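Notes for the one structure printed next.
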Amino acid sequence: MIEYIRGELVELTPTEAILETTGGVAYNMGISLHTYSSLEGKEKQTEMVKLYCYEQIREDAWTLWGFSTKNERDLFLLLITVSGIGPGMARMALSAFSPAELCNLIVNGNDKMLKQIKGIGPKAAQRIIVDLKDKVVTLGIDAQTATTDNSGAVVNVNDEVKNEAVAALTMLGFSPAHTQKVVVKILTDEPDAKVEQVIKMALKML
């Protein structure tokens, strides 16, 4: 198993990161919005980054998933042990909520919030809580709800923000037409929101 990959971040989107390592070998990894937030801006620098990995090996495909922290990867690995929860849905959960927020929901049995994640219905939410309630405690993640950054930093809201958010949500499987309406509403209410903030809010509304 590949433990982690260290390299130069050459491309970054809200769902994918490409790291180029020594010798010119580049690895394309699926990432969550949480990891995207920690990497944003580093693709414009020559700074080396490290992503912890999970290899998903099937007969027809080999997929790498990257995580900014071991805790996020450990939570991802726990999620995919739950019946009916695959890597794509686990990535969706870690995009809708940070690892700390997700642990908080599981520990407190908050199935109502878990059902807001695309693809997770009442039964799946209950399975996650029952199967992982005790296990997530062992991860050592500070399970407290993170607050939204309202520091007042000025961000120009324009078509670039809207288009990138809609593109990322479409790649996650949402209808482009409906997604655009939701994103436009969010940007109308939160004109200073960054791309990752818009996506996070949209995931809870779609």
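Ordering of the structure tokens sets the chain letters (A, B, ...); residue numbers start at 1 within each chain; ligands are numbered from 1 in the order shown.
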
Name all residues at most 7 Å from stretch 31-37 of chain A (count only C-alpha atoms; drop same-chain ones fewer than 4 positions away) and give them as a ChimeraX atom specification.
/A:14-17,65-68,91,94-95,98,196

Save the residues we just selected, C-alpha atoms, as a CSV table (one decimal), in the first residue's frame?
chain,number,residue,atom,x,y,z
A,14,PRO,CA,-12.2,20.7,-5.8
A,15,THR,CA,-12.3,17.0,-6.7
A,16,GLU,CA,-8.8,16.2,-7.9
A,17,ALA,CA,-5.1,16.9,-7.2
A,65,TRP,CA,-7.5,8.9,-3.2
A,66,GLY,CA,-5.5,11.6,-1.4
A,67,PHE,CA,-5.9,13.2,2.0
A,68,SER,CA,-4.3,16.1,3.7
A,91,ARG,CA,-15.6,11.6,-0.4
A,94,LEU,CA,-16.0,14.5,3.7
A,95,SER,CA,-16.8,17.3,1.3
A,98,SER,CA,-15.0,18.4,7.9
A,196,GLU,CA,-15.0,25.8,-1.5

Please provide the set of residues having any atom within 12 Å of A:Val107, restricted to only C-alpha atoms, with same-chain residues fewer than 5 positions apart removed, written as a PyMOL selection string.
chain A and resi 100-102+114+126+128-139+141-144

Mind dumping the selected residues with N, CA and C atoms as a compact mmCIF listing (two decimals), in the first residue's frame?
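Contents of out10.txt, as written:
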# COMPACT_ATOMS: atom_id res chain seq x y z
N ALA A 100 -13.89 16.68 11.68
CA ALA A 100 -14.37 16.97 13.04
C ALA A 100 -15.89 17.06 13.08
N GLU A 101 -16.47 17.74 12.10
CA GLU A 101 -17.93 17.87 12.05
C GLU A 101 -18.59 16.51 11.85
N LEU A 102 -18.01 15.70 10.96
CA LEU A 102 -18.59 14.39 10.66
C LEU A 102 -18.53 13.47 11.89
N LEU A 114 -26.79 13.79 8.66
CA LEU A 114 -26.13 12.82 7.77
C LEU A 114 -26.96 12.58 6.52
N GLN A 126 -28.34 5.61 9.54
CA GLN A 126 -28.39 4.81 10.77
C GLN A 126 -27.26 3.78 10.82
N ILE A 128 -24.31 4.08 9.46
CA ILE A 128 -23.07 4.81 9.76
C ILE A 128 -22.96 5.05 11.26
N ILE A 129 -24.04 5.49 11.87
CA ILE A 129 -24.04 5.79 13.31
C ILE A 129 -23.80 4.52 14.12
N VAL A 130 -24.55 3.47 13.82
CA VAL A 130 -24.44 2.22 14.58
C VAL A 130 -23.05 1.59 14.42
N ASP A 131 -22.54 1.57 13.18
CA ASP A 131 -21.27 0.89 12.92
C ASP A 131 -20.06 1.69 13.40
N LEU A 132 -20.16 3.03 13.37
CA LEU A 132 -18.96 3.84 13.60
C LEU A 132 -18.96 4.68 14.88
N LYS A 133 -20.07 4.69 15.59
CA LYS A 133 -20.18 5.57 16.76
C LYS A 133 -19.03 5.38 17.73
N ASP A 134 -18.70 4.14 18.03
CA ASP A 134 -17.61 3.87 18.97
C ASP A 134 -16.24 3.98 18.30
N LYS A 135 -16.17 3.61 17.03
CA LYS A 135 -14.88 3.57 16.34
C LYS A 135 -14.30 4.97 16.09
N VAL A 136 -15.16 5.96 15.79
CA VAL A 136 -14.62 7.29 15.47
C VAL A 136 -13.96 7.93 16.68
N VAL A 137 -14.37 7.53 17.87
CA VAL A 137 -13.78 8.09 19.08
C VAL A 137 -12.30 7.75 19.16
N THR A 138 -11.93 6.58 18.64
CA THR A 138 -10.53 6.13 18.71
C THR A 138 -9.62 6.90 17.75
N LEU A 139 -10.20 7.66 16.82
CA LEU A 139 -9.39 8.40 15.85
C LEU A 139 -8.69 9.60 16.47
N ILE A 141 -9.94 12.57 16.74
CA ILE A 141 -10.31 13.81 16.06
C ILE A 141 -11.14 14.65 17.01
N ASP A 142 -10.81 15.92 17.11
CA ASP A 142 -11.57 16.84 17.97
C ASP A 142 -12.93 17.04 17.35
N ALA A 143 -13.92 16.32 17.84
CA ALA A 143 -15.26 16.34 17.24
C ALA A 143 -16.07 17.53 17.68
N GLN A 144 -15.70 18.67 17.19
CA GLN A 144 -16.45 19.89 17.45
C GLN A 144 -16.79 20.55 16.12

DSSP on the backbone: what in chain A comes out strand (DSSP E or B), as a compact mmCIF listing (two decimals) with C-alpha atoms, in the first residue's frame?
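Output (out_32.txt):
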# COMPACT_ATOMS: atom_id res chain seq x y z
CA TYR A 4 1.73 8.88 1.09
CA ILE A 5 2.99 10.76 -1.95
CA ARG A 6 5.15 13.85 -1.66
CA GLY A 7 5.56 16.05 -4.69
CA GLU A 8 4.87 19.35 -6.40
CA LEU A 9 1.19 20.18 -6.74
CA VAL A 10 0.84 20.89 -10.45
CA GLU A 11 -2.96 20.84 -10.81
CA LEU A 12 -5.81 21.25 -8.36
CA GLU A 16 -8.76 16.15 -7.93
CA ALA A 17 -5.10 16.86 -7.17
CA ILE A 18 -2.12 15.99 -9.37
CA LEU A 19 1.26 15.64 -7.68
CA GLU A 20 4.46 15.40 -9.72
CA ALA A 26 2.62 12.46 -11.78
CA TYR A 27 -0.16 10.96 -9.69
CA ASN A 28 -3.83 11.93 -10.09
CA MET A 29 -5.75 11.58 -6.82
CA GLY A 30 -9.38 12.04 -5.96
CA MET A 48 6.19 20.39 -2.04
CA VAL A 49 3.05 18.88 -0.53
CA LYS A 50 2.27 15.49 0.99
CA LEU A 51 -0.98 13.59 0.63
CA TYR A 52 -1.78 10.37 2.48
CA CYS A 53 -3.20 7.75 0.14
CA TYR A 54 -5.76 5.01 -0.26
CA GLU A 55 -5.56 2.70 -3.29
CA GLN A 56 -8.87 1.49 -4.69
CA ILE A 57 -8.05 -1.47 -6.92
CA TRP A 62 -7.02 1.61 -10.19
CA THR A 63 -7.92 4.81 -8.35
CA LEU A 64 -5.86 6.82 -5.89
CA TRP A 65 -7.50 8.91 -3.18
CA GLY A 66 -5.51 11.63 -1.42
CA PHE A 67 -5.94 13.17 2.03

When you draw a straight line from atom CA of A:Glu164 to atom CA of A:Thr13, how long is it in Å?
8.5 Å

Residues within 12 Å of A:Asn163, please, as JSON, numbers by chain. Count only C-alpha atoms; anything in the same chain fewer than 3 positions from it doesn't count.
{"A": [157, 158, 159, 160, 166, 167, 168, 169, 170, 176, 177, 179, 180, 181, 183, 184, 187, 195, 198, 199]}

Output file for the residues above (C-alpha atoms, as a compact mmCIF listing (two decimals), in the first residue's frame):
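Result saved to result-v1.txt:
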# COMPACT_ATOMS: atom_id res chain seq x y z
CA VAL A 157 -17.62 37.25 -6.70
CA ASN A 158 -17.78 36.65 -10.42
CA ASP A 159 -18.53 34.04 -13.05
CA GLU A 160 -15.24 32.25 -12.32
CA VAL A 166 -20.98 24.34 -10.68
CA ALA A 167 -18.33 22.29 -12.50
CA ALA A 168 -17.17 20.61 -9.28
CA LEU A 169 -20.73 19.80 -8.18
CA THR A 170 -21.57 18.44 -11.62
CA PRO A 176 -25.99 21.16 -13.76
CA ALA A 177 -29.22 23.15 -14.19
CA THR A 179 -26.83 23.14 -9.29
CA GLN A 180 -26.44 26.49 -11.03
CA LYS A 181 -29.65 27.81 -9.46
CA VAL A 183 -24.97 28.27 -6.52
CA VAL A 184 -26.39 31.55 -7.78
CA LEU A 187 -23.58 33.79 -4.09
CA VAL A 195 -15.38 28.45 -4.16
CA VAL A 198 -20.01 27.76 -2.01
CA ILE A 199 -19.58 24.05 -2.74

Counting only C-alpha atoms, the option among A:Gly109, A:Ile117, A:Lys123, A:Lys42 closest to A:Met205
A:Ile117

Could you pull the residues within 9 Å of A:Ala124, counting only C-alpha atoms, minus those fewer than 4 positions along the same chain, as a ChimeraX atom specification?
/A:82-85,114-115,119-120,128-129

For the selection you just gave me, I'd like the residues written to a file as a CSV table (one decimal), in the first residue's frame, keeping N, CA and C atoms.
chain,number,residue,atom,x,y,z
A,82,VAL,N,-18.7,0.6,6.0
A,82,VAL,CA,-20.1,0.6,6.2
A,82,VAL,C,-20.8,0.0,5.0
A,83,SER,N,-21.7,-0.9,5.1
A,83,SER,CA,-22.4,-1.5,3.9
A,83,SER,C,-23.1,-0.4,3.1
A,84,GLY,N,-22.8,-0.4,1.8
A,84,GLY,CA,-23.5,0.6,0.9
A,84,GLY,C,-22.7,1.9,0.8
A,85,ILE,N,-21.7,2.1,1.5
A,85,ILE,CA,-20.9,3.3,1.4
A,85,ILE,C,-19.6,3.0,0.7
A,114,LEU,N,-26.8,13.8,8.7
A,114,LEU,CA,-26.1,12.8,7.8
A,114,LEU,C,-27.0,12.6,6.5
A,115,LYS,N,-28.3,12.6,6.6
A,115,LYS,CA,-29.2,12.4,5.5
A,115,LYS,C,-29.1,13.6,4.5
A,119,GLY,N,-27.0,10.9,-1.6
A,119,GLY,CA,-26.9,9.5,-1.7
A,119,GLY,C,-27.1,8.7,-0.4
A,120,ILE,N,-27.1,9.4,0.8
A,120,ILE,CA,-27.3,8.8,2.1
A,120,ILE,C,-28.7,9.0,2.5
A,128,ILE,N,-24.3,4.1,9.5
A,128,ILE,CA,-23.1,4.8,9.8
A,128,ILE,C,-23.0,5.1,11.3
A,129,ILE,N,-24.0,5.5,11.9
A,129,ILE,CA,-24.0,5.8,13.3
A,129,ILE,C,-23.8,4.5,14.1
